[in-house]
Amino acid sequence: MNLNPYLDISPEVRSALEAGKPVVGLESTIISHGMPYPKNVETALLVEQTIRDAGATPATIAIIGGRLKAGLTPEEIEYLGKTGRGVTKASRRDLPVLVGRGMDGATTVATTMLIANMAGISVFATGGIGGVHRGAETTMDISADLEELAQTPVMVVCAGAKAILDLGLTLEYLETKGVPVIGYGTEELPAFYTRRSGLKVDARSDSPEDLAAIFRAQRGMGLKTGMLVTNPIPEQYAMDENVINAAIDQAVRESVEQGVHGKDITPFLLARVVELTGGDSLESNIQLVLNNARLASKTAAALCRA
Ligand code: PSU
Ligand code: MN
C-alpha cells in the first residue's frame, strides 16, 4: 500500500486501512473556501469526531508543503481554516504546480477523490459537489468534480448540489459519464439546503448495506467510475425554499455583474449565500455535513464487512 512517492498517509489512517477498518475521506476546500472562520475549523473537527463516534476513522485530505496528505493534524486543519481563501483551492489541474513547488492547497471534491483513491480510501463525505453552472451553455463552466466522478472509483456522499448550479444539466452530465446517482431514502435529487429539487435520481437506496453492494458491484465489474450518493438534509434543518432561492438568485446576479469567473465563482457564491441568509444557511450546511459523515461511516463499515 501507498507506493505513491508524493503521498503521506497519517499513522492513524494507515493502521485503520491495514487492519481493514472503515475509513472516511473528507475534503478541505469546504474548510478554506466553503465556510467562514472559526465555524469552518469547529465543523471540520466535529465532523472528524462524528466519524470516530460512528466507529470509523476520518481522513481529512489536503496538500501541505507539496505533499499529498491523507489524514491531517488538528493544527493543519486550524491552519487551513484560518488562512481561508489565502490557501490555494486545488482542483485536478492545480496539483502539478502545487506539488512541483512544494506549496499548500485545499482539495476540492475532485482532488479529494483522486488522493483518497491513491490512499486506498473508498468512501468520502462532504456537503455539496461542484457541477454544471447556470449559463454553462455559453460559459462552459463545468466543475472538474464531474470529470473526476467519471474516472475515479470513489463513493462520494453529499447532500446533492446547491441551486447555484443548474441541477438538471448536472444530472444529464453525470448520466452521460456513466456515474450512478443514488438518492438515499428518496427518488429525488436533494438540493443541498432543501430536500427536493423535482428531479429524479438514477435509483433509490434505503440502507448502507445496499449502497455497499452497489459500489462493490461497480468495482467488481472493473468500472472505473465514481458513485454519487445524495443524502437529503434532515427535515428539521432544511431551509425555506423561497428564502434560499432568493439569496442564490441574488448571488448569481452579482457574480455576473462583477465578472467573477473561473475557480473564483463557486467560493464567491458560497460566501454570498451565507452573508445574504445570515447564520441560517451556515447552520443548515453544518448539519447536513454531519448527516453525510454518519451515513458515509456506516457505508464504509458495510463495505469492510463484505
Ligand atoms: N459546493 C458547496 N460547498 C463547497 C463546494 C461546493 O456547497 O465547499 C466546494 C467543493 O470543494 C467543490 C468545489 O469540490 O467547491 C467546486 O468548485 P468548482 O465549481 O470550482 O469546481
Ligand atoms: Mn468552474
# chains A, B, ... in the order shown; residues from 1 in each chain; ligands from 1
call {"tool": "residues_around", "arguments": {"residues": "His133 (chain A)", "least_positions_apart": "6", "cutoff": "6 Å", "atoms": "only C-alpha atoms", "output": "number ranges by chain"}}
result
A: 141, 165-166
call {"tool": "write_last_selection", "arguments": {"atoms": "N, CA and C atoms", "output": "mmCIF file, in the first residue's frame"}}
result
data_model
loop_
_atom_site.group_PDB
_atom_site.id
_atom_site.type_symbol
_atom_site.label_atom_id
_atom_site.label_comp_id
_atom_site.auth_asym_id
_atom_site.auth_seq_id
_atom_site.Cartn_x
_atom_site.Cartn_y
_atom_site.Cartn_z
ATOM 1 N N ASP A 141 -18.769 26.545 -18.052
ATOM 2 C CA ASP A 141 -18.287 26.330 -16.683
ATOM 3 C C ASP A 141 -18.892 25.057 -16.098
ATOM 4 N N LEU A 165 -26.023 25.963 -8.973
ATOM 5 C CA LEU A 165 -25.744 25.236 -10.215
ATOM 6 C C LEU A 165 -27.036 25.001 -10.978
ATOM 7 N N ASP A 166 -26.885 24.522 -12.211
ATOM 8 C CA ASP A 166 -28.034 24.033 -12.953
ATOM 9 C C ASP A 166 -28.140 22.538 -12.646
#
call {"tool": "closest_atom_pairs", "arguments": {"of": "chain A", "to": "ligand 2", "cutoff": "9 Å", "atoms": "only C-alpha atoms and all ligand atoms", "output": "JSON lines"}}
result
{"residue": "A:Gly130", "atom": "CA", "partner": "ligand 2", "partner_atom_place_in_ligand_line": "1 (Mn)", "distance": 7.9}
{"residue": "A:Gly131", "atom": "CA", "partner": "ligand 2", "partner_atom_place_in_ligand_line": "1 (Mn)", "distance": 8.0}
{"residue": "A:Val132", "atom": "CA", "partner": "ligand 2", "partner_atom_place_in_ligand_line": "1 (Mn)", "distance": 8.1}
{"residue": "A:His133", "atom": "CA", "partner": "ligand 2", "partner_atom_place_in_ligand_line": "1 (Mn)", "distance": 7.5}
{"residue": "A:Met140", "atom": "CA", "partner": "ligand 2", "partner_atom_place_in_ligand_line": "1 (Mn)", "distance": 8.3}
{"residue": "A:Asp141", "atom": "CA", "partner": "ligand 2", "partner_atom_place_in_ligand_line": "1 (Mn)", "distance": 4.7}
{"residue": "A:Ile142", "atom": "CA", "partner": "ligand 2", "partner_atom_place_in_ligand_line": "1 (Mn)", "distance": 5.3}
{"residue": "A:Ser143", "atom": "CA", "partner": "ligand 2", "partner_atom_place_in_ligand_line": "1 (Mn)", "distance": 4.6}
{"residue": "A:Ala144", "atom": "CA", "partner": "ligand 2", "partner_atom_place_in_ligand_line": "1 (Mn)", "distance": 7.2}
{"residue": "A:His261", "atom": "CA", "partner": "ligand 2", "partner_atom_place_in_ligand_line": "1 (Mn)", "distance": 7.6}
{"residue": "A:Gly262", "atom": "CA", "partner": "ligand 2", "partner_atom_place_in_ligand_line": "1 (Mn)", "distance": 5.1}
{"residue": "A:Lys263", "atom": "CA", "partner": "ligand 2", "partner_atom_place_in_ligand_line": "1 (Mn)", "distance": 5.2}
{"residue": "A:Asp264", "atom": "CA", "partner": "ligand 2", "partner_atom_place_in_ligand_line": "1 (Mn)", "distance": 7.9}
{"residue": "A:Ile265", "atom": "CA", "partner": "ligand 2", "partner_atom_place_in_ligand_line": "1 (Mn)", "distance": 6.9}
{"residue": "A:Thr266", "atom": "CA", "partner": "ligand 2", "partner_atom_place_in_ligand_line": "1 (Mn)", "distance": 7.2}
call {"tool": "closest_atom_pairs", "arguments": {"of": "chain A", "to": "ligand 1", "cutoff": "9 Å", "atoms": "only C-alpha atoms and all ligand atoms", "output": "JSON lines"}}
result
{"residue": "A:Glu27", "atom": "CA", "partner": "ligand 1", "partner_atom_place_in_ligand_line": "11 (O)", "distance": 6.6}
{"residue": "A:Ser28", "atom": "CA", "partner": "ligand 1", "partner_atom_place_in_ligand_line": "11 (O)", "distance": 6.9}
{"residue": "A:Thr29", "atom": "CA", "partner": "ligand 1", "partner_atom_place_in_ligand_line": "11 (O)", "distance": 4.4}
{"residue": "A:Ile30", "atom": "CA", "partner": "ligand 1", "partner_atom_place_in_ligand_line": "8 (O)", "distance": 3.7}
{"residue": "A:Ile31", "atom": "CA", "partner": "ligand 1", "partner_atom_place_in_ligand_line": "8 (O)", "distance": 7.3}
{"residue": "A:Ser32", "atom": "CA", "partner": "ligand 1", "partner_atom_place_in_ligand_line": "8 (O)", "distance": 8.3}
{"residue": "A:His33", "atom": "CA", "partner": "ligand 1", "partner_atom_place_in_ligand_line": "8 (O)", "distance": 6.2}
{"residue": "A:Gly34", "atom": "CA", "partner": "ligand 1", "partner_atom_place_in_ligand_line": "8 (O)", "distance": 3.8}
{"residue": "A:Met35", "atom": "CA", "partner": "ligand 1", "partner_atom_place_in_ligand_line": "8 (O)", "distance": 7.3}
{"residue": "A:Lys89", "atom": "CA", "partner": "ligand 1", "partner_atom_place_in_ligand_line": "11 (O)", "distance": 7.9}
{"residue": "A:Ala90", "atom": "CA", "partner": "ligand 1", "partner_atom_place_in_ligand_line": "11 (O)", "distance": 8.6}
{"residue": "A:Ser91", "atom": "CA", "partner": "ligand 1", "partner_atom_place_in_ligand_line": "21 (O)", "distance": 6.9}
{"residue": "A:Ala106", "atom": "CA", "partner": "ligand 1", "partner_atom_place_in_ligand_line": "11 (O)", "distance": 8.2}
{"residue": "A:Thr107", "atom": "CA", "partner": "ligand 1", "partner_atom_place_in_ligand_line": "11 (O)", "distance": 6.5}
{"residue": "A:Thr108", "atom": "CA", "partner": "ligand 1", "partner_atom_place_in_ligand_line": "11 (O)", "distance": 3.5}
{"residue": "A:Val109", "atom": "CA", "partner": "ligand 1", "partner_atom_place_in_ligand_line": "14 (O)", "distance": 3.7}
{"residue": "A:Ala110", "atom": "CA", "partner": "ligand 1", "partner_atom_place_in_ligand_line": "14 (O)", "distance": 5.9}
{"residue": "A:Thr111", "atom": "CA", "partner": "ligand 1", "partner_atom_place_in_ligand_line": "14 (O)", "distance": 8.0}
{"residue": "A:Thr112", "atom": "CA", "partner": "ligand 1", "partner_atom_place_in_ligand_line": "14 (O)", "distance": 8.3}
{"residue": "A:Thr126", "atom": "CA", "partner": "ligand 1", "partner_atom_place_in_ligand_line": "3 (N)", "distance": 8.0}
{"residue": "A:Gly127", "atom": "CA", "partner": "ligand 1", "partner_atom_place_in_ligand_line": "7 (O)", "distance": 5.7}
{"residue": "A:Gly128", "atom": "CA", "partner": "ligand 1", "partner_atom_place_in_ligand_line": "7 (O)", "distance": 4.0}
{"residue": "A:Ile129", "atom": "CA", "partner": "ligand 1", "partner_atom_place_in_ligand_line": "6 (C)", "distance": 4.9}
{"residue": "A:Gly130", "atom": "CA", "partner": "ligand 1", "partner_atom_place_in_ligand_line": "16 (C)", "distance": 4.0}
{"residue": "A:Gly131", "atom": "CA", "partner": "ligand 1", "partner_atom_place_in_ligand_line": "19 (O)", "distance": 6.2}
{"residue": "A:Val132", "atom": "CA", "partner": "ligand 1", "partner_atom_place_in_ligand_line": "19 (O)", "distance": 8.0}
{"residue": "A:His133", "atom": "CA", "partner": "ligand 1", "partner_atom_place_in_ligand_line": "19 (O)", "distance": 7.7}
{"residue": "A:Asp141", "atom": "CA", "partner": "ligand 1", "partner_atom_place_in_ligand_line": "19 (O)", "distance": 7.9}
{"residue": "A:Ile142", "atom": "CA", "partner": "ligand 1", "partner_atom_place_in_ligand_line": "19 (O)", "distance": 7.0}
{"residue": "A:Ser143", "atom": "CA", "partner": "ligand 1", "partner_atom_place_in_ligand_line": "21 (O)", "distance": 3.7}
{"residue": "A:Ala144", "atom": "CA", "partner": "ligand 1", "partner_atom_place_in_ligand_line": "21 (O)", "distance": 5.2}
{"residue": "A:Asp145", "atom": "CA", "partner": "ligand 1", "partner_atom_place_in_ligand_line": "21 (O)", "distance": 5.8}
{"residue": "A:Leu146", "atom": "CA", "partner": "ligand 1", "partner_atom_place_in_ligand_line": "21 (O)", "distance": 8.4}
{"residue": "A:Ala159", "atom": "CA", "partner": "ligand 1", "partner_atom_place_in_ligand_line": "7 (O)", "distance": 8.6}
{"residue": "A:Gly160", "atom": "CA", "partner": "ligand 1", "partner_atom_place_in_ligand_line": "7 (O)", "distance": 8.7}
{"residue": "A:Ala161", "atom": "CA", "partner": "ligand 1", "partner_atom_place_in_ligand_line": "7 (O)", "distance": 6.5}
{"residue": "A:Lys162", "atom": "CA", "partner": "ligand 1", "partner_atom_place_in_ligand_line": "7 (O)", "distance": 5.7}
{"residue": "A:Ile164", "atom": "CA", "partner": "ligand 1", "partner_atom_place_in_ligand_line": "7 (O)", "distance": 8.6}
{"residue": "A:Leu165", "atom": "CA", "partner": "ligand 1", "partner_atom_place_in_ligand_line": "19 (O)", "distance": 8.8}
{"residue": "A:Phe192", "atom": "CA", "partner": "ligand 1", "partner_atom_place_in_ligand_line": "7 (O)", "distance": 7.3}
{"residue": "A:Gly262", "atom": "CA", "partner": "ligand 1", "partner_atom_place_in_ligand_line": "20 (O)", "distance": 6.8}
{"residue": "A:Lys263", "atom": "CA", "partner": "ligand 1", "partner_atom_place_in_ligand_line": "20 (O)", "distance": 4.3}
{"residue": "A:Asp264", "atom": "CA", "partner": "ligand 1", "partner_atom_place_in_ligand_line": "20 (O)", "distance": 6.7}
{"residue": "A:Ile265", "atom": "CA", "partner": "ligand 1", "partner_atom_place_in_ligand_line": "20 (O)", "distance": 6.6}
{"residue": "A:Thr266", "atom": "CA", "partner": "ligand 1", "partner_atom_place_in_ligand_line": "19 (O)", "distance": 5.0}
{"residue": "A:Pro267", "atom": "CA", "partner": "ligand 1", "partner_atom_place_in_ligand_line": "15 (O)", "distance": 6.6}
{"residue": "A:Leu270", "atom": "CA", "partner": "ligand 1", "partner_atom_place_in_ligand_line": "3 (N)", "distance": 6.7}
{"residue": "A:Asn285", "atom": "CA", "partner": "ligand 1", "partner_atom_place_in_ligand_line": "7 (O)", "distance": 7.9}
call {"tool": "residues_around", "arguments": {"residues": "Met239 (chain A)", "least_positions_apart": "2", "cutoff": "12 Å", "atoms": "only C-alpha atoms", "output": "list in words"}}
result
Ala191, Phe192, Tyr193, Thr194, Arg195, Arg196, Pro232, Ile233, Pro234, Glu235, Gln236, Tyr237, Glu241, Asn242, Val243, Ile244, Asn245, Ala246, Ala247, Thr277, Gly279, Asp280, Ser281, Leu282, Glu283, Ser284, Asn285, Gln287 and Leu288 of chain A
call {"tool": "closest_residue", "arguments": {"among": "A:Glu209, A:Glu175, A:Glu148, A:Asp104", "to": "Leu295 (chain A)", "atoms": "only C-alpha atoms"}}
result
A:Glu209
call {"tool": "atom_distance", "arguments": {"atom1": "CA of Glu42 (chain A)", "atom2": "CA of Val289 (chain A)"}}
result
12.5 Å
call {"tool": "atom_distance", "arguments": {"atom1": "CA of Pro5 (chain A)", "atom2": "CA of Val99 (chain A)"}}
result
11.4 Å
call {"tool": "select_by_dssp", "arguments": {"residues": "region 56-239 of chain A", "states": "helix (DSSP H, G or I)", "output": "ChimeraX atom specification"}}
result
/A:74-86,92-101,109-119,136-139,144-151,167-176,208-220,235-237
call {"tool": "write_last_selection", "arguments": {"atoms": "C-alpha atoms", "output": "PDB file, in the first residue's frame"}}
result
ATOM      1  CA  PRO A  74      -5.805  19.415  14.215  1.00  0.00           C
ATOM      2  CA  GLU A  75      -3.082  22.067  13.774  1.00  0.00           C
ATOM      3  CA  GLU A  76      -3.121  21.573   9.996  1.00  0.00           C
ATOM      4  CA  ILE A  77      -6.929  21.881   9.981  1.00  0.00           C
ATOM      5  CA  GLU A  78      -6.701  25.090  12.041  1.00  0.00           C
ATOM      6  CA  TYR A  79      -4.112  26.483   9.614  1.00  0.00           C
ATOM      7  CA  LEU A  80      -6.278  25.785   6.533  1.00  0.00           C
ATOM      8  CA  GLY A  81      -9.367  27.248   8.207  1.00  0.00           C
ATOM      9  CA  LYS A  82      -7.646  30.361   9.498  1.00  0.00           C
ATOM     10  CA  THR A  83      -5.873  31.077   6.208  1.00  0.00           C
ATOM     11  CA  GLY A  84      -9.182  30.562   4.393  1.00  0.00           C
ATOM     12  CA  ARG A  85      -9.207  31.878   0.854  1.00  0.00           C
ATOM     13  CA  GLY A  86      -5.486  32.614   1.200  1.00  0.00           C
ATOM     14  CA  ARG A  92      -7.064  18.452 -10.511  1.00  0.00           C
ATOM     15  CA  ARG A  93      -5.159  20.825 -12.759  1.00  0.00           C
ATOM     16  CA  ASP A  94      -3.598  22.686  -9.815  1.00  0.00           C
ATOM     17  CA  LEU A  95      -1.807  19.621  -8.411  1.00  0.00           C
ATOM     18  CA  PRO A  96       1.334  19.722 -10.587  1.00  0.00           C
ATOM     19  CA  VAL A  97       2.077  23.373  -9.750  1.00  0.00           C
ATOM     20  CA  LEU A  98       1.453  22.951  -6.010  1.00  0.00           C
ATOM     21  CA  VAL A  99       3.377  19.703  -5.682  1.00  0.00           C
ATOM     22  CA  GLY A 100       6.169  20.775  -8.029  1.00  0.00           C
ATOM     23  CA  ARG A 101       6.738  23.924  -5.980  1.00  0.00           C
ATOM     24  CA  VAL A 109     -14.170  17.095  -4.333  1.00  0.00           C
ATOM     25  CA  ALA A 110     -12.169  16.218  -7.465  1.00  0.00           C
ATOM     26  CA  THR A 111      -8.723  16.174  -5.848  1.00  0.00           C
ATOM     27  CA  THR A 112     -10.019  14.643  -2.631  1.00  0.00           C
ATOM     28  CA  MET A 113     -11.374  11.710  -4.673  1.00  0.00           C
ATOM     29  CA  LEU A 114      -8.089  11.422  -6.531  1.00  0.00           C
ATOM     30  CA  ILE A 115      -5.973  11.359  -3.357  1.00  0.00           C
ATOM     31  CA  ALA A 116      -8.441   9.111  -1.492  1.00  0.00           C
ATOM     32  CA  ASN A 117      -8.172   6.611  -4.330  1.00  0.00           C
ATOM     33  CA  MET A 118      -4.349   6.739  -4.235  1.00  0.00           C
ATOM     34  CA  ALA A 119      -4.513   6.033  -0.499  1.00  0.00           C
ATOM     35  CA  ALA A 136     -22.872  26.829 -18.863  1.00  0.00           C
ATOM     36  CA  GLU A 137     -24.250  26.625 -22.406  1.00  0.00           C
ATOM     37  CA  THR A 138     -22.343  29.873 -23.032  1.00  0.00           C
ATOM     38  CA  THR A 139     -19.637  29.922 -20.290  1.00  0.00           C
ATOM     39  CA  ALA A 144     -13.817  19.234 -12.635  1.00  0.00           C
ATOM     40  CA  ASP A 145     -15.671  17.327  -9.873  1.00  0.00           C
ATOM     41  CA  LEU A 146     -17.904  15.793 -12.547  1.00  0.00           C
ATOM     42  CA  GLU A 147     -14.937  14.601 -14.635  1.00  0.00           C
ATOM     43  CA  GLU A 148     -13.406  13.067 -11.538  1.00  0.00           C
ATOM     44  CA  LEU A 149     -16.634  11.218 -10.771  1.00  0.00           C
ATOM     45  CA  ALA A 150     -16.396   9.906 -14.327  1.00  0.00           C
ATOM     46  CA  GLN A 151     -12.962   8.383 -13.846  1.00  0.00           C
ATOM     47  CA  LEU A 167     -29.129  20.808 -11.271  1.00  0.00           C
ATOM     48  CA  GLY A 168     -30.845  19.379 -14.354  1.00  0.00           C
ATOM     49  CA  LEU A 169     -27.751  19.823 -16.530  1.00  0.00           C
ATOM     50  CA  THR A 170     -25.569  18.418 -13.741  1.00  0.00           C
ATOM     51  CA  LEU A 171     -27.646  15.222 -13.723  1.00  0.00           C
ATOM     52  CA  GLU A 172     -27.504  14.995 -17.525  1.00  0.00           C
ATOM     53  CA  TYR A 173     -23.730  15.311 -17.458  1.00  0.00           C
ATOM     54  CA  LEU A 174     -23.388  12.582 -14.829  1.00  0.00           C
ATOM     55  CA  GLU A 175     -25.656  10.327 -16.873  1.00  0.00           C
ATOM     56  CA  THR A 176     -23.508  10.841 -19.975  1.00  0.00           C
ATOM     57  CA  PRO A 208     -25.771   1.384   3.920  1.00  0.00           C
ATOM     58  CA  GLU A 209     -25.561  -2.332   3.073  1.00  0.00           C
ATOM     59  CA  ASP A 210     -27.339  -1.706  -0.230  1.00  0.00           C
ATOM     60  CA  LEU A 211     -25.031   1.237  -1.025  1.00  0.00           C
ATOM     61  CA  ALA A 212     -22.044  -1.001  -0.275  1.00  0.00           C
ATOM     62  CA  ALA A 213     -23.424  -3.767  -2.523  1.00  0.00           C
ATOM     63  CA  ILE A 214     -23.888  -1.323  -5.422  1.00  0.00           C
ATOM     64  CA  PHE A 215     -20.384   0.090  -5.010  1.00  0.00           C
ATOM     65  CA  ARG A 216     -18.863  -3.378  -4.727  1.00  0.00           C
ATOM     66  CA  ALA A 217     -20.629  -4.483  -7.919  1.00  0.00           C
ATOM     67  CA  GLN A 218     -19.377  -1.408  -9.755  1.00  0.00           C
ATOM     68  CA  ARG A 219     -15.814  -2.024  -8.645  1.00  0.00           C
ATOM     69  CA  GLY A 220     -16.075  -5.771  -9.183  1.00  0.00           C
ATOM     70  CA  GLU A 235     -36.081  17.777   7.739  1.00  0.00           C
ATOM     71  CA  GLN A 236     -35.613  19.948  10.844  1.00  0.00           C
ATOM     72  CA  TYR A 237     -32.585  21.735   9.336  1.00  0.00           C
TER      73      TYR A 237
END
call {"tool": "atom_distance", "arguments": {"atom1": "CA of Thr186 (chain A)", "atom2": "CA of Met227 (chain A)"}}
result
16.1 Å
call {"tool": "residues_around", "arguments": {"residues": "Leu269 (chain A)", "least_positions_apart": "4", "cutoff": "7 Å", "atoms": "only C-alpha atoms", "output": "MDAnalysis selection string"}}
result
chainID A and resid 251:252 265 273
call {"tool": "write_last_selection", "arguments": {"atoms": "all heavy atoms", "output": "tab-separated table (two decimals), in the first residue's frame"}}
result
chain	number	residue	atom	x	y	z
A	251	ALA	N	-27.11	36.19	-5.46
A	251	ALA	CA	-25.66	35.91	-5.51
A	251	ALA	C	-25.22	35.65	-6.95
A	251	ALA	O	-24.18	36.16	-7.39
A	251	ALA	CB	-25.33	34.71	-4.62
A	252	VAL	N	-26.01	34.89	-7.70
A	252	VAL	CA	-25.65	34.59	-9.10
A	252	VAL	C	-25.67	35.88	-9.93
A	252	VAL	O	-24.75	36.13	-10.71
A	252	VAL	CB	-26.61	33.53	-9.71
A	252	VAL	CG1	-26.38	33.39	-11.21
A	252	VAL	CG2	-26.42	32.17	-9.02
A	265	ILE	N	-15.68	31.51	-8.92
A	265	ILE	CA	-17.15	31.62	-8.89
A	265	ILE	C	-17.77	30.86	-7.71
A	265	ILE	O	-18.56	31.42	-6.95
A	265	ILE	CB	-17.79	31.10	-10.20
A	265	ILE	CG1	-17.49	32.10	-11.32
A	265	ILE	CG2	-19.29	30.91	-10.04
A	265	ILE	CD1	-18.27	31.83	-12.57
A	273	VAL	N	-24.05	33.62	-0.36
A	273	VAL	CA	-25.28	32.99	0.15
A	273	VAL	C	-25.29	33.00	1.68
A	273	VAL	O	-26.31	33.29	2.30
A	273	VAL	CB	-25.45	31.56	-0.43
A	273	VAL	CG1	-26.55	30.80	0.30
A	273	VAL	CG2	-25.76	31.63	-1.93
call {"tool": "select_by_dssp", "arguments": {"residues": "region 20-61 of chain A", "states": "strand (DSSP E or B)", "output": "PyMOL selection string"}}
result
chain A and resi 23-26+57-61
call {"tool": "write_last_selection", "arguments": {"atoms": "all heavy atoms", "output": "mmCIF file, in the first residue's frame"}}
result
data_model
loop_
_atom_site.group_PDB
_atom_site.id
_atom_site.type_symbol
_atom_site.label_atom_id
_atom_site.label_comp_id
_atom_site.auth_asym_id
_atom_site.auth_seq_id
_atom_site.Cartn_x
_atom_site.Cartn_y
_atom_site.Cartn_z
ATOM 1 N N VAL A 23 -12.700 3.656 6.832
ATOM 2 C CA VAL A 23 -12.091 4.991 6.780
ATOM 3 C C VAL A 23 -12.992 5.875 5.922
ATOM 4 O O VAL A 23 -13.508 5.418 4.896
ATOM 5 C CB VAL A 23 -10.669 4.921 6.170
ATOM 6 C CG1 VAL A 23 -10.085 6.317 5.984
ATOM 7 C CG2 VAL A 23 -9.748 4.058 7.041
ATOM 8 N N VAL A 24 -13.183 7.113 6.349
ATOM 9 C CA VAL A 24 -13.982 8.066 5.570
ATOM 10 C C VAL A 24 -13.119 9.272 5.202
ATOM 11 O O VAL A 24 -12.578 9.951 6.082
ATOM 12 C CB VAL A 24 -15.234 8.535 6.360
ATOM 13 C CG1 VAL A 24 -15.991 9.619 5.590
ATOM 14 C CG2 VAL A 24 -16.148 7.350 6.658
ATOM 15 N N GLY A 25 -12.974 9.535 3.921
ATOM 16 C CA GLY A 25 -12.226 10.688 3.434
ATOM 17 C C GLY A 25 -13.053 11.957 3.579
ATOM 18 O O GLY A 25 -14.293 11.925 3.552
ATOM 19 N N LEU A 26 -12.355 13.090 3.759
ATOM 20 C CA LEU A 26 -13.014 14.404 3.879
ATOM 21 C C LEU A 26 -12.229 15.425 3.066
ATOM 22 O O LEU A 26 -10.999 15.366 3.021
ATOM 23 C CB LEU A 26 -13.043 14.837 5.352
ATOM 24 C CG LEU A 26 -13.859 13.946 6.296
ATOM 25 C CD1 LEU A 26 -13.493 14.218 7.751
ATOM 26 C CD2 LEU A 26 -15.356 14.142 6.073
ATOM 27 N N THR A 57 -12.660 5.813 10.899
ATOM 28 C CA THR A 57 -11.512 6.723 11.047
ATOM 29 C C THR A 57 -11.609 7.818 9.992
ATOM 30 O O THR A 57 -11.736 7.517 8.803
ATOM 31 C CB THR A 57 -10.191 5.938 10.868
ATOM 32 O OG1 THR A 57 -10.131 4.933 11.875
ATOM 33 C CG2 THR A 57 -8.982 6.850 10.981
ATOM 34 N N PRO A 58 -11.552 9.092 10.413
ATOM 35 C CA PRO A 58 -11.610 10.180 9.431
ATOM 36 C C PRO A 58 -10.243 10.402 8.783
ATOM 37 O O PRO A 58 -9.210 10.273 9.449
ATOM 38 C CB PRO A 58 -11.986 11.398 10.284
ATOM 39 C CG PRO A 58 -11.459 11.088 11.655
ATOM 40 C CD PRO A 58 -11.502 9.583 11.807
ATOM 41 N N ALA A 59 -10.258 10.745 7.493
ATOM 42 C CA ALA A 59 -9.025 11.088 6.784
ATOM 43 C C ALA A 59 -9.286 12.395 6.043
ATOM 44 O O ALA A 59 -9.794 12.395 4.918
ATOM 45 C CB ALA A 59 -8.633 9.989 5.816
ATOM 46 N N THR A 60 -8.980 13.520 6.694
ATOM 47 C CA THR A 60 -9.128 14.801 6.008
ATOM 48 C C THR A 60 -7.936 14.947 5.064
ATOM 49 O O THR A 60 -6.802 14.636 5.421
ATOM 50 C CB THR A 60 -9.215 15.957 7.022
ATOM 51 O OG1 THR A 60 -10.318 15.698 7.901
ATOM 52 C CG2 THR A 60 -9.448 17.292 6.321
ATOM 53 N N ILE A 61 -8.239 15.380 3.846
ATOM 54 C CA ILE A 61 -7.250 15.370 2.761
ATOM 55 C C ILE A 61 -6.903 16.795 2.343
ATOM 56 O O ILE A 61 -7.778 17.665 2.280
ATOM 57 C CB ILE A 61 -7.813 14.511 1.603
ATOM 58 C CG1 ILE A 61 -7.789 13.029 2.042
ATOM 59 C CG2 ILE A 61 -7.039 14.736 0.298
ATOM 60 C CD1 ILE A 61 -8.438 12.043 1.109
#
call {"tool": "residues_around", "arguments": {"residues": "Lys21 (chain A)", "least_positions_apart": "2", "cutoff": "8 Å", "atoms": "only C-alpha atoms", "output": "MDAnalysis selection string"}}
result
chainID A and resid 16:19 23 56:57 301 304
